[in-house]
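Text of query.txt, listed as compact mmCIF, C-alpha atoms and all ligand atoms:
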```
# COMPACT_ATOMS: atom_id res chain seq x y z
CA MET W 173 0.00 0.00 0.00
CA ARG W 174 1.40 3.41 -0.88
CA GLU W 175 1.16 6.15 1.65
CA PHE W 176 0.05 9.53 0.49
CA LEU W 177 1.87 12.30 2.26
CA ILE W 178 0.73 15.87 2.50
CA ILE W 179 3.93 17.77 1.65
CA PRO W 180 4.19 21.57 1.39
CA ALA W 181 4.74 22.79 -2.16
CA ALA W 182 8.30 24.00 -1.42
CA LEU W 183 9.30 20.58 -0.17
CA LEU W 184 7.71 18.93 -3.18
CA LEU W 185 9.95 21.06 -5.38
CA ILE W 186 12.97 19.77 -3.46
CA ALA W 187 11.78 16.21 -3.76
CA ALA W 188 11.05 16.61 -7.46
CA GLY W 189 14.68 17.67 -8.01
CA LEU W 190 16.02 14.43 -6.60
CA PRO W 191 16.92 11.77 -9.10
CA ASP W 192 15.23 8.43 -8.93
CA ASP W 193 17.14 6.08 -6.69
CA VAL W 194 16.30 3.03 -8.73
CA PRO W 195 17.74 0.95 -10.14
CA VAL W 196 21.15 2.57 -9.52
CA PRO W 197 21.77 4.78 -6.48
CA SER W 198 22.70 8.39 -7.17
CA PRO W 199 26.45 8.91 -7.65
CA ASN W 200 26.27 11.82 -5.22
CA PRO W 201 25.24 10.43 -1.82
CA ARG W 202 25.12 13.92 -0.29
CA ASP W 203 22.08 14.71 -2.35
CA THR W 204 20.02 11.62 -1.69
CA PRO W 205 19.32 9.23 1.09
CA PRO W 206 21.08 5.87 0.88
CA ALA W 207 19.58 3.18 -1.29
CA VAL W 208 16.78 1.50 0.58
CA LEU W 209 16.04 -2.12 -0.14
CA SER W 210 14.54 -3.45 3.03
CA GLY W 211 12.12 -0.89 4.30
CA GLN W 212 14.28 1.38 6.44
CA ASP W 213 13.14 4.97 6.60
CA PRO W 214 15.64 7.08 4.66
CA ALA W 215 14.51 10.21 6.48
CA ALA W 216 15.83 8.78 9.74
CA THR W 217 19.50 9.28 8.81
CA ASN W 218 22.06 11.92 7.91
CA SER W 219 21.61 14.44 10.70
CA GLU W 220 24.70 16.41 9.58
CA THR W 221 23.24 17.69 6.35
CA PRO W 222 21.03 20.78 6.27
CA PRO W 223 18.17 21.47 6.07
CA PRO W 224 17.39 20.11 9.51
CA VAL W 225 14.10 18.61 8.39
CA THR W 226 14.59 16.48 5.29
CA PRO W 227 11.40 15.74 3.43
CA LYS W 228 10.72 12.17 2.58
CA PRO W 229 11.07 12.11 -1.20
CA ALA W 230 8.31 10.65 -3.26
CA GLU W 231 10.18 7.41 -3.96
CA PRO W 232 9.16 5.48 -7.01
CA ASP W 233 7.94 2.07 -6.00
CA PRO W 234 6.62 0.60 -9.19
CA ALA W 235 4.36 -2.40 -9.17
CA PRO W 236 5.87 -5.48 -10.82
CA PRO W 237 5.25 -5.47 -14.57
CA LYS W 238 2.26 -7.44 -15.75
CA PRO W 239 3.26 -11.04 -16.40
CA ASP W 240 3.40 -12.23 -20.01
CA GLU W 241 0.83 -14.99 -19.70
CA THR W 242 1.57 -16.44 -23.14
CA ALA W 243 5.26 -16.81 -22.33
CA LEU W 244 4.47 -18.21 -18.88
CA ALA W 245 2.10 -20.80 -20.32
CA ALA W 246 4.80 -21.98 -22.73
CA CYS W 247 7.36 -22.03 -19.91
CA GLU W 248 5.04 -24.03 -17.63
CA ALA W 249 4.33 -26.53 -20.40
CA GLU W 250 8.05 -27.06 -20.94
CA LEU W 251 8.65 -27.44 -17.20
CA LYS W 252 5.91 -30.07 -16.99
CA ALA W 253 7.36 -31.90 -20.00
CA LEU W 254 10.70 -32.05 -18.17
CA GLY W 255 8.98 -33.64 -15.17
CA ALA W 256 9.30 -30.64 -12.84
CA VAL W 257 6.83 -30.12 -10.01
CA PHE W 258 5.99 -26.52 -9.21
CA GLU W 259 3.30 -24.08 -8.16
CA ARG W 260 2.77 -20.60 -9.44
CA ARG W 261 2.33 -18.02 -6.71
CA ASP W 262 1.34 -14.38 -6.74
CA ALA W 263 3.69 -11.64 -7.77
CA ILE W 264 6.14 -10.41 -5.16
CA ASP W 265 5.92 -6.63 -4.97
CA GLY W 266 9.13 -5.74 -3.16
CA PRO W 267 10.32 -2.21 -2.45
CA GLY W 268 11.88 -0.34 -5.34
CA THR W 269 12.80 -2.65 -8.20
CA CYS W 270 12.72 -5.79 -6.05
CA GLY W 271 10.08 -8.32 -6.97
CA LEU W 272 8.74 -10.79 -9.49
CA SER W 273 5.69 -10.53 -11.71
CA ALA W 274 5.04 -14.27 -11.23
CA THR W 275 6.67 -16.46 -8.60
CA TYR W 276 7.39 -20.16 -8.98
CA ASP W 277 7.78 -22.48 -6.03
CA VAL W 278 9.60 -25.46 -7.44
CA THR W 279 9.94 -28.64 -5.41
CA ARG W 280 11.14 -31.02 -8.14
CA LEU W 281 13.36 -30.15 -11.11
CA ALA W 282 13.14 -33.49 -12.88
CA PRO W 283 11.70 -36.92 -12.12
CA GLY W 284 13.30 -38.08 -8.85
CA ILE W 285 15.35 -34.88 -8.39
CA GLU W 286 14.05 -32.57 -5.68
CA ILE W 287 15.10 -29.03 -4.80
CA ARG W 288 14.81 -28.01 -1.17
CA PRO W 289 13.70 -25.80 0.37
CA GLU W 290 11.19 -24.80 -2.26
CA THR W 291 12.16 -21.84 -4.41
CA GLU W 292 10.91 -18.37 -5.16
CA ILE W 293 12.11 -17.83 -8.72
CA THR W 294 10.86 -16.85 -12.17
CA CYS W 295 9.57 -19.52 -14.52
CA ARG W 296 12.47 -19.14 -16.96
CA THR W 297 14.91 -19.56 -14.05
CA ALA W 298 13.16 -22.77 -13.07
CA LEU W 299 13.36 -23.89 -16.67
CA ALA W 300 17.09 -23.17 -16.89
CA ALA W 301 17.65 -25.11 -13.66
CA ALA W 302 15.58 -28.05 -14.94
CA HIS W 303 17.62 -28.18 -18.16
CA TRP W 304 20.91 -27.93 -16.23
CA VAL W 305 19.91 -30.78 -13.94
CA ARG W 306 18.71 -32.99 -16.81
CA ASP W 307 21.59 -32.33 -19.20
CA VAL W 308 24.55 -31.73 -16.88
CA VAL W 309 24.15 -32.54 -13.18
CA GLY W 310 22.30 -35.85 -13.49
CA PRO W 311 24.69 -37.32 -16.07
CA ALA W 312 27.75 -36.02 -14.14
CA ALA W 313 26.63 -38.01 -11.08
CA LYS W 314 27.44 -41.17 -13.01
CA VAL W 315 31.13 -40.48 -12.31
CA PHE W 316 30.47 -42.01 -8.87
CA GLY W 317 29.19 -45.29 -10.27
CA LYS W 318 26.57 -46.56 -12.66
CA ASP W 319 24.12 -47.17 -9.81
CA VAL W 320 24.57 -43.73 -8.27
CA ARG W 321 21.72 -41.33 -8.99
CA LEU W 322 21.28 -37.63 -8.32
CA THR W 323 18.27 -37.19 -6.02
CA GLY W 324 18.30 -33.57 -5.02
CA LEU W 325 19.75 -30.10 -4.78
CA ARG W 326 19.80 -27.97 -1.65
CA GLN W 327 19.48 -24.26 -2.25
CA ALA W 328 20.64 -21.62 0.21
CA SER W 329 18.89 -18.64 -1.34
CA THR W 330 16.52 -17.69 -4.13
CA TYR W 331 14.44 -14.47 -4.01
CA VAL W 332 15.63 -11.87 -1.54
CA CYS W 333 15.51 -8.09 -1.86
CA ARG W 334 19.13 -7.03 -1.51
CA THR W 335 22.13 -5.62 -3.31
CA ARG W 336 24.90 -7.76 -4.80
CA ASN W 337 26.63 -9.67 -2.00
CA SER W 338 24.56 -7.49 0.38
CA GLN W 339 27.15 -4.74 -0.02
CA PRO W 340 25.92 -1.18 0.66
CA GLY W 341 25.80 0.88 -2.53
CA ALA W 342 26.22 -2.12 -4.83
CA LYS W 343 23.85 -2.74 -7.72
CA ILE W 344 20.71 -4.71 -7.07
CA SER W 345 21.22 -8.46 -6.97
CA GLU W 346 19.63 -10.88 -9.40
CA HIS W 347 18.25 -12.51 -6.24
CA ALA W 348 15.99 -9.45 -5.97
CA ARG W 349 14.61 -10.21 -9.46
CA GLY W 350 14.04 -13.91 -8.82
CA THR W 351 16.51 -15.11 -11.44
CA ALA W 352 19.21 -16.36 -9.03
CA ILE W 353 19.70 -19.60 -7.10
CA ASP W 354 22.49 -20.40 -4.65
CA ILE W 355 23.17 -24.14 -4.71
CA SER W 356 24.88 -25.40 -1.58
CA THR W 357 24.62 -29.21 -1.74
CA PHE W 358 24.03 -32.06 -4.17
CA GLU W 359 22.37 -35.24 -2.88
CA PHE W 360 22.57 -38.76 -4.30
CA ASP W 361 21.26 -42.24 -3.95
CA GLY W 362 24.33 -44.44 -3.53
CA HIS W 363 26.78 -41.70 -2.56
CA GLY W 364 27.06 -39.24 0.28
CA ALA W 365 25.82 -35.67 -0.15
CA LEU W 366 28.36 -33.24 -1.60
CA SER W 367 28.50 -29.68 -0.33
CA VAL W 368 30.06 -27.06 -2.55
CA MET W 369 33.52 -26.38 -1.16
CA PRO W 370 36.75 -24.63 -2.09
CA GLU W 371 38.74 -26.69 -4.55
CA GLN W 372 41.33 -28.76 -2.73
CA ARG W 373 43.18 -29.80 -5.90
CA LYS W 374 43.17 -33.38 -4.69
CA GLY W 375 42.24 -34.73 -8.09
CA SER W 376 39.18 -36.46 -6.63
CA ARG W 377 36.04 -37.43 -8.48
CA GLU W 378 34.11 -35.14 -6.13
CA GLU W 379 36.15 -32.18 -7.35
CA ALA W 380 35.71 -33.28 -10.93
CA PHE W 381 31.95 -33.41 -10.37
CA GLN W 382 31.90 -29.91 -8.90
CA LYS W 383 33.95 -28.53 -11.79
CA ALA W 384 31.80 -30.26 -14.37
CA VAL W 385 28.45 -29.05 -13.03
CA ARG W 386 29.84 -25.55 -12.58
CA ALA W 387 31.16 -25.36 -16.13
CA GLY W 388 27.96 -26.89 -17.46
CA ALA W 389 25.86 -24.33 -15.59
CA CYS W 390 27.22 -21.65 -17.94
CA LEU W 391 25.42 -23.37 -20.82
CA HIS W 392 22.10 -22.65 -19.11
CA PHE W 393 22.71 -19.55 -16.97
CA THR W 394 24.39 -16.22 -17.75
CA THR W 395 26.19 -15.89 -14.42
CA VAL W 396 27.99 -18.67 -12.58
CA LEU W 397 30.06 -17.90 -9.50
CA GLY W 398 31.54 -20.28 -6.97
CA PRO W 399 34.58 -21.08 -4.83
CA GLY W 400 37.53 -18.98 -5.99
CA SER W 401 35.34 -16.33 -7.68
CA ASP W 402 35.50 -14.10 -4.61
CA ALA W 403 35.19 -14.32 -0.84
CA PHE W 404 31.38 -14.49 -0.99
CA HIS W 405 31.05 -17.75 -2.91
CA ASP W 406 33.27 -20.26 -1.14
CA ASN W 407 30.44 -22.58 -0.11
CA HIS W 408 27.88 -22.37 -2.89
CA LEU W 409 27.36 -22.00 -6.61
CA HIS W 410 25.52 -18.83 -7.53
CA ILE W 411 23.68 -19.17 -10.85
CA ASP W 412 21.48 -16.50 -12.38
CA LEU W 413 19.97 -15.20 -15.61
CA ALA W 414 21.23 -11.62 -15.59
CA ARG W 415 20.74 -9.90 -18.94
CA ARG W 416 23.87 -8.20 -20.29
CA ASN W 417 24.81 -6.44 -23.48
CA HIS W 418 25.49 -8.78 -26.39
CA GLY W 419 24.39 -11.77 -24.30
CA TYR W 420 27.67 -11.76 -22.35
CA ARG W 421 28.02 -14.58 -19.83
CA LEU W 422 29.96 -14.12 -16.62
CA CYS W 423 31.21 -17.54 -15.59
CA GLN W 424 34.07 -17.53 -13.13
ZN ZN W 501 23.65 -15.83 -4.98
```
Spit out the file's structure as C-alpha cells when you get a sec.
Ligand SMILES: [Zn+2]
Amino acid sequence: MREFLIIPAALLLIAAGLPDDVPVPSPNPRDTPPAVLSGQDPAATNSETPPPVTPKPAEPDPAPPKPDETALAACEAELKALGAVFERRDAIDGPGTCGLSATYDVTRLAPGIEIRPETEITCRTALAAAHWVRDVVGPAAKVFGKDVRLTGLRQASTYVCRTRNSQPGAKISEHARGTAIDISTFEFDGHGALSVMPEQRKGSREEAFQKAVRAGACLHFTTVLGPGSDAFHDNHLHIDLARRNHGYRLCQ
C-alpha cells in the first residue's frame, strides 16, 4: 500500500529535483538518502546535512510489470514436459525494483530430483535449472558409479531483496529479481551428499563433479560464481539469468 503524504509545495519542489534512486543509487550520496532495499526509513538518517528537516522524497515504487501470460504458459508446459513439479504463486511486490511478476515455487526439477527448500524464482529460471539438472548434473553423477543417482539439490537462497553480495551501494542483486539460485549441496542415492567447497586440488572425483556441473551451468545460466570467484562464494554456486549487453556470460 502506498502512503500519500501531504507535503508543502516547497518541499515537493525539493523532492522533485532528486533523481530516482532506482535501479542505480545516485552517484552523489550527499544529495540523496542511501539506497533503501529493506524498508528502512531514509529520512531517519544523515543528521549532519542541512536542512534540519529532510522531506521524505516521493520514492518510485513501481508495481511489478504485468506477467506475459503467453510466455508463462509456454514455460510451464516445458517445465511439466521435463517432469518438474511446481506451483505458481502471486507476484512479489518488493520495495523499489525488487520483486517478481510471477513467482514459482519449485519442489522437483526433474523426475526423482528434488530441490529443497522450495524456491521463489521466475519460470524461466526454473526452466534453466531443470535443463541444467537434466543435461549436466544428473549425467555427471554417473562419475560415482553406474548405480549412483542424483536425487536432489539444496538451495541456500533464491528471491531476496538485496544488493549484490549485500554490499551497501552495490547494484541490485539478481536474487531481488528472482533469477538467481544459490546451490549449496548435491544429494545422491548411492553416494554421500556433496556440499560445494573450495577446490582442494586433490584430483578427486568429487572435485571433478563440482567442476563439471559448474562449467555446465554456464550453458544454461548467464552468471555462474563459486569457490575462488571471490570471498562471498566459497560454499555455494551462484547461478542467475542476468541480462547483459550482447548476451555476455559471466562464468568464473
Ligand atoms: Zn547468490
Please provide as a tab-separated table (two decimals) with C-alpha atoms, keeping the file's coordinate frame all residues within 12 Å of Arg336 in chain W, with the sequence filter that same-chain residues fewer than 2 positions apart are discarded (counting only C-alpha atoms).
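result_4.tsv was written with the following content:
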```tsv
chain	number	residue	atom	x	y	z
W	196	VAL	CA	21.15	2.57	-9.52
W	209	LEU	CA	16.04	-2.12	-0.14
W	332	VAL	CA	15.63	-11.87	-1.54
W	333	CYS	CA	15.51	-8.09	-1.86
W	334	ARG	CA	19.13	-7.03	-1.51
W	338	SER	CA	24.56	-7.49	0.38
W	339	GLN	CA	27.15	-4.74	-0.02
W	340	PRO	CA	25.92	-1.18	0.66
W	341	GLY	CA	25.80	0.88	-2.53
W	342	ALA	CA	26.22	-2.12	-4.83
W	343	LYS	CA	23.85	-2.74	-7.72
W	344	ILE	CA	20.71	-4.71	-7.07
W	345	SER	CA	21.22	-8.46	-6.97
W	346	GLU	CA	19.63	-10.88	-9.40
W	347	HIS	CA	18.25	-12.51	-6.24
W	348	ALA	CA	15.99	-9.45	-5.97
W	349	ARG	CA	14.61	-10.21	-9.46
W	352	ALA	CA	19.21	-16.36	-9.03
W	404	PHE	CA	31.38	-14.49	-0.99
W	405	HIS	CA	31.05	-17.75	-2.91
W	410	HIS	CA	25.52	-18.83	-7.53
```
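Near range 373-386 of chain W, within a cut-off of 10 Å and counting all atoms listed in the file, sit the residues W:Trp304, W:Val305, W:Asp307, W:Val308, W:Val309, W:Gly310, W:Pro311, W:Ala312, W:Ala313, W:Lys314, W:Val315, W:Phe316, W:Phe358, W:Leu366, W:Ser367, W:Val368, W:Met369, W:Pro370, W:Ala389, W:Cys390, W:Leu391, W:Val396, W:Leu397, W:Gly398, W:Leu409, W:His410, W:Ile411, W:Cys423, W:Gln424, with same-chain residues fewer than 3 positions away left out.
For the residues W:Glu359, W:Glu290, W:Asp319, W:Glu241, ranking by smallest atom-to-atom distance to Glu259 in chain W using only C-alpha atoms places W:Glu290 first.
The gap separating CA of Asn407 in chain W from CA of Ser356 in chain W is 6.4 Å, in Å to one decimal.
With only C-alpha atoms and all ligand atoms as the basis for measurement, W:Asp354 is the residue among W:Asp354, W:Asp412, W:Glu248, W:Glu371 that approaches ligand ZN 501 (chain W) most closely.
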Cut-off 6 Å around (20.0, -34.2, -9.1) with only C-alpha atoms: residues as a list in words: Ile285, Val305, Gly310, Leu322, Thr323, Gly324 and Leu325 of chain W
